[in-house]
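**Q** I'd like to ask some things about the structure below.
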Amino acid sequence: MNRERLVAAHAAGRSFADIGAMWQVEGAIALAAHAAGATRVTAMDLMPPTPRIEASPVRFVQGDLHDEQVMAEVGEHDVVWCSGVLYHAPHPLLTLERLRSITTQTLLLATEVLPLPGRFAAFAPERWMHPSRPDPLDPARRYGNWFWLPTPAAVRAMLSATGFTVTDEHRTGRFHRTYVAS
Ligand SMILES: C[S@@+](CC[C@H](N)C(=O)[O-])C[C@H]1O[C@@H](n2cnc3c(N)ncnc32)[C@H](O)[C@@H]1O
C-alpha cells in the first residue's frame with residue numbers, strides 16, 4: 001500500500017507522530033497526516049527542522065529517539081509512524097520500547113527486511129546490500145550505519161516482545177515491510 005494512503009487512513013481525527021521524519025523527505029509524512037485531518041502532529045528527528053517544517057503547523061522535536069527525555073517531550077500520540085529507522089538502530093528492542101512509550105493506539109512501522117523465512121537478523125549488512133558503500137559500522141556515521149537487517153518474522157517477534165500486537169503486515173517492497181501494530 002502507498003504510504004501516504006496508509007497514513008491518511010490512520011491519521012484522520014487522531015494525534016500523529018512521525019519519528020525519524022526528515023532525511024530526504026523533510027517531514028512529508030507528518031505533513032500528509034496533517035493534510036489528512038490529524039488533530040495534532042509532531043515530527044521528530046536527529047536532524048534539525050527545515051524552513052518548510054518550521055513554517056508548517058507540525059510541531060518539531062529534535063533529538064535522539066532513544067533518549068527518554070526527548071521522548072517525554074514528544075509525548076503520547078494515538079498514531080506513531082516510524083519509517084527507515086529500525087535497521088539504523090544498534091539496539092532495536094530499545095528503539096521499539098521507546099516507540100511503545102509514546103504510542104497509545106497504533107504504530108505504523110516501515111523497515112527494510114531480509115526476506116527469508118525464520119526469525120533472525122543479519123548484522124552490519126550494508127556492504128552486502130550496497131556493494132559501493134564504505135565499510136559498515138563506521139563510528140563517524142553513527143545512526144547512518146545499517147546495524148541489523150531482520151527477517152519479517154524477527155520484526156514481528158520484536159514487536160511482540162516490546163508489547164505490540166501486530167494486526168497487519170504489508171509487503172511494501174521486496175526488501176521492505178510495513179507493520180501495523182497496536
Ligand atoms: C533512512 S531515513 C528515513 C526518513 C523517512 N522516515 C522515510 O522513511 O523516508 C532515517 C531518518 O531517521 C533519523 N534517525 C535515525 N536514527 C534516529 C534516532 N536515533 N533518533 C531520531 N532520529 C533518527 C535520521 O536522521 C533520518 O532522518
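Labels for the C-alpha cells follow display order: chains A, B, ..., residues from 1 in each chain, ligands from 1.
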Using backbone DSSP assignments, extract all alpha helix (DSSP H) residues from segment 79-173 of chain A; output them as a list in words.
**A**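 These are the residues in question: Pro92, Leu93, Leu94, Thr95, Leu96, Glu97, Arg98, Leu99, Arg100, Ser101, Ile102, Glu126, Arg127, Trp128, Met129, Pro152, Ala153, Ala154, Val155, Arg156, Ala157, Met158, Leu159, Ser160 and Ala161 of chain A.
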**Q** If you keep C-alpha atoms, can you produce a file of those selected residues as an mmCIF file, in the first residue's frame?
**A**
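Below is the file result-v7.cif, written as the result:
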data_model
loop_
_atom_site.group_PDB
_atom_site.id
_atom_site.type_symbol
_atom_site.label_atom_id
_atom_site.label_comp_id
_atom_site.auth_asym_id
_atom_site.auth_seq_id
_atom_site.Cartn_x
_atom_site.Cartn_y
_atom_site.Cartn_z
ATOM 1 C CA PRO A 92 16.323 -2.297 18.048
ATOM 2 C CA LEU A 93 14.388 -3.561 21.073
ATOM 3 C CA LEU A 94 15.220 -0.317 22.874
ATOM 4 C CA THR A 95 14.051 1.569 19.786
ATOM 5 C CA LEU A 96 10.733 -0.299 19.853
ATOM 6 C CA GLU A 97 10.369 0.244 23.617
ATOM 7 C CA ARG A 98 10.739 3.981 23.079
ATOM 8 C CA LEU A 99 8.101 3.846 20.327
ATOM 9 C CA ARG A 100 5.839 1.845 22.662
ATOM 10 C CA SER A 101 6.182 4.587 25.301
ATOM 11 C CA ILE A 102 4.571 7.205 23.035
ATOM 12 C CA GLU A 126 25.154 -2.683 4.329
ATOM 13 C CA ARG A 127 28.005 -3.666 2.029
ATOM 14 C CA TRP A 128 26.107 -6.812 1.072
ATOM 15 C CA MET A 129 23.053 -4.683 0.209
ATOM 16 C CA PRO A 152 9.887 -10.234 8.689
ATOM 17 C CA ALA A 153 9.246 -12.857 11.393
ATOM 18 C CA ALA A 154 12.013 -11.324 13.532
ATOM 19 C CA VAL A 155 10.390 -7.881 13.254
ATOM 20 C CA ARG A 156 7.050 -9.380 14.312
ATOM 21 C CA ALA A 157 8.731 -11.129 17.250
ATOM 22 C CA MET A 158 10.500 -7.940 18.346
ATOM 23 C CA LEU A 159 7.229 -6.024 18.173
ATOM 24 C CA SER A 160 5.575 -8.696 20.296
ATOM 25 C CA ALA A 161 8.480 -8.669 22.780
#
**Q** Please write out the residues within 6 Å of ligand 1 as a VMD selection string, counting only C-alpha atoms and all ligand atoms.
**A** chain A and resid 20 to 23 25 45 to 47 63 to 66 83 to 85 143
**Q** Mind writing the picked residues with N, CA and C atoms as a PDB file, in the first residue's frame?
**A**
ATOM      1  N   GLY A  20      11.708  10.098  13.139  1.00  0.00           N
ATOM      2  CA  GLY A  20      12.717   9.939  12.077  1.00  0.00           C
ATOM      3  C   GLY A  20      12.159  10.524  10.788  1.00  0.00           C
ATOM      4  N   ALA A  21      11.732  11.788  10.875  1.00  0.00           N
ATOM      5  CA  ALA A  21      10.842  12.362   9.857  1.00  0.00           C
ATOM      6  C   ALA A  21      11.557  13.056   8.698  1.00  0.00           C
ATOM      7  N   MET A  22      12.883  13.245   8.787  1.00  0.00           N
ATOM      8  CA  MET A  22      13.452  14.294   7.937  1.00  0.00           C
ATOM      9  C   MET A  22      14.221  13.856   6.697  1.00  0.00           C
ATOM     10  N   TRP A  23      15.144  12.949   6.797  1.00  0.00           N
ATOM     11  CA  TRP A  23      16.136  12.727   5.728  1.00  0.00           C
ATOM     12  C   TRP A  23      15.476  12.508   4.373  1.00  0.00           C
ATOM     13  N   VAL A  25      13.065  13.617   2.995  1.00  0.00           N
ATOM     14  CA  VAL A  25      11.617  13.796   2.842  1.00  0.00           C
ATOM     15  C   VAL A  25      11.087  15.022   3.593  1.00  0.00           C
ATOM     16  N   ASP A  45      13.318  14.193  14.914  1.00  0.00           N
ATOM     17  CA  ASP A  45      14.477  13.652  14.203  1.00  0.00           C
ATOM     18  C   ASP A  45      15.739  14.152  14.887  1.00  0.00           C
ATOM     19  N   LEU A  46      16.836  13.431  14.611  1.00  0.00           N
ATOM     20  CA  LEU A  46      18.160  13.919  14.998  1.00  0.00           C
ATOM     21  C   LEU A  46      18.502  15.175  14.208  1.00  0.00           C
ATOM     22  N   MET A  47      18.026  15.229  12.975  1.00  0.00           N
ATOM     23  CA  MET A  47      18.333  16.351  12.091  1.00  0.00           C
ATOM     24  C   MET A  47      17.511  17.572  12.497  1.00  0.00           C
ATOM     25  N   GLY A  63      16.104  15.515  18.428  1.00  0.00           N
ATOM     26  CA  GLY A  63      16.808  14.729  19.432  1.00  0.00           C
ATOM     27  C   GLY A  63      16.880  13.274  19.024  1.00  0.00           C
ATOM     28  N   ASP A  64      17.416  12.487  19.963  1.00  0.00           N
ATOM     29  CA  ASP A  64      17.599  11.044  19.745  1.00  0.00           C
ATOM     30  C   ASP A  64      16.404  10.306  20.334  1.00  0.00           C
ATOM     31  N   LEU A  65      15.754   9.504  19.518  1.00  0.00           N
ATOM     32  CA  LEU A  65      14.545   8.804  19.992  1.00  0.00           C
ATOM     33  C   LEU A  65      14.839   7.859  21.143  1.00  0.00           C
ATOM     34  N   HIS A  66      16.103   7.479  21.328  1.00  0.00           N
ATOM     35  CA  HIS A  66      16.430   6.573  22.436  1.00  0.00           C
ATOM     36  C   HIS A  66      16.523   7.306  23.770  1.00  0.00           C
ATOM     37  N   SER A  83       9.545   5.179  10.017  1.00  0.00           N
ATOM     38  CA  SER A  83       9.953   4.538   8.767  1.00  0.00           C
ATOM     39  C   SER A  83      11.444   4.743   8.526  1.00  0.00           C
ATOM     40  N   GLY A  84      12.122   3.649   8.183  1.00  0.00           N
ATOM     41  CA  GLY A  84      13.533   3.764   7.799  1.00  0.00           C
ATOM     42  C   GLY A  84      14.465   3.975   8.960  1.00  0.00           C
ATOM     43  N   VAL A  85      14.040   3.603  10.156  1.00  0.00           N
ATOM     44  CA  VAL A  85      14.846   3.860  11.347  1.00  0.00           C
ATOM     45  C   VAL A  85      15.323   2.558  12.005  1.00  0.00           C
ATOM     46  N   TYR A 143      24.126   6.751  13.580  1.00  0.00           N
ATOM     47  CA  TYR A 143      22.878   6.105  13.189  1.00  0.00           C
ATOM     48  C   TYR A 143      22.709   6.011  11.666  1.00  0.00           C
TER      49      TYR A 143
END
**Q** Please measure the separation of atom CA of Asp67 of chain A and atom CA of Glu112 of chain A, giving the value in Å to one decimal.
**A**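 According to the coordinates, atom CA of Asp67 of chain A and atom CA of Glu112 of chain A are separated by 23.2 Å.
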**Q** Would you please work out which residue, of A:Arg59, A:Leu108, A:Thr50, A:Phe164, is nearest to Glu4 of chain A when using only C-alpha atoms?
**A**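 Of all the options, A:Leu108 lies closest to Glu4 of chain A.
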**Q** Name the closest residue to Leu137 of chain A among the candidates A:Ala89, A:Val180, A:Ala8, A:Ala35; distances are taken between atoms, counting only C-alpha atoms.
**A**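 Going through A:Ala89, A:Val180, A:Ala8, A:Ala35 one by one, the smallest distance to Leu137 of chain A is for A:Ala89.
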**Q** For Leu149 of chain A, which of A:His34, A:His170, A:Val113, A:Phe175 is the closest residue, counting only C-alpha atoms?
**A**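 Checking each of A:His34, A:His170, A:Val113, A:Phe175 against Leu149 of chain A, counting only C-alpha atoms, the winner is A:Val113.
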**Q** Here is a test: counting only C-alpha atoms, which residue of A:Ala38, A:Trp146, A:Ala55, A:Ala124 is nearest to Tyr87 of chain A?
**A**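 Going through A:Ala38, A:Trp146, A:Ala55, A:Ala124 one by one, the smallest distance to Tyr87 of chain A is for A:Trp146.
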**Q** For a quick check of understanding, using only C-alpha atoms, which of A:Pro48, A:Ile19, A:Gly13, A:Pro90 has the smallest distance to Arg142 of chain A?
**A**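 Among A:Pro48, A:Ile19, A:Gly13, A:Pro90, it is A:Pro90 that comes nearest to Arg142 of chain A.
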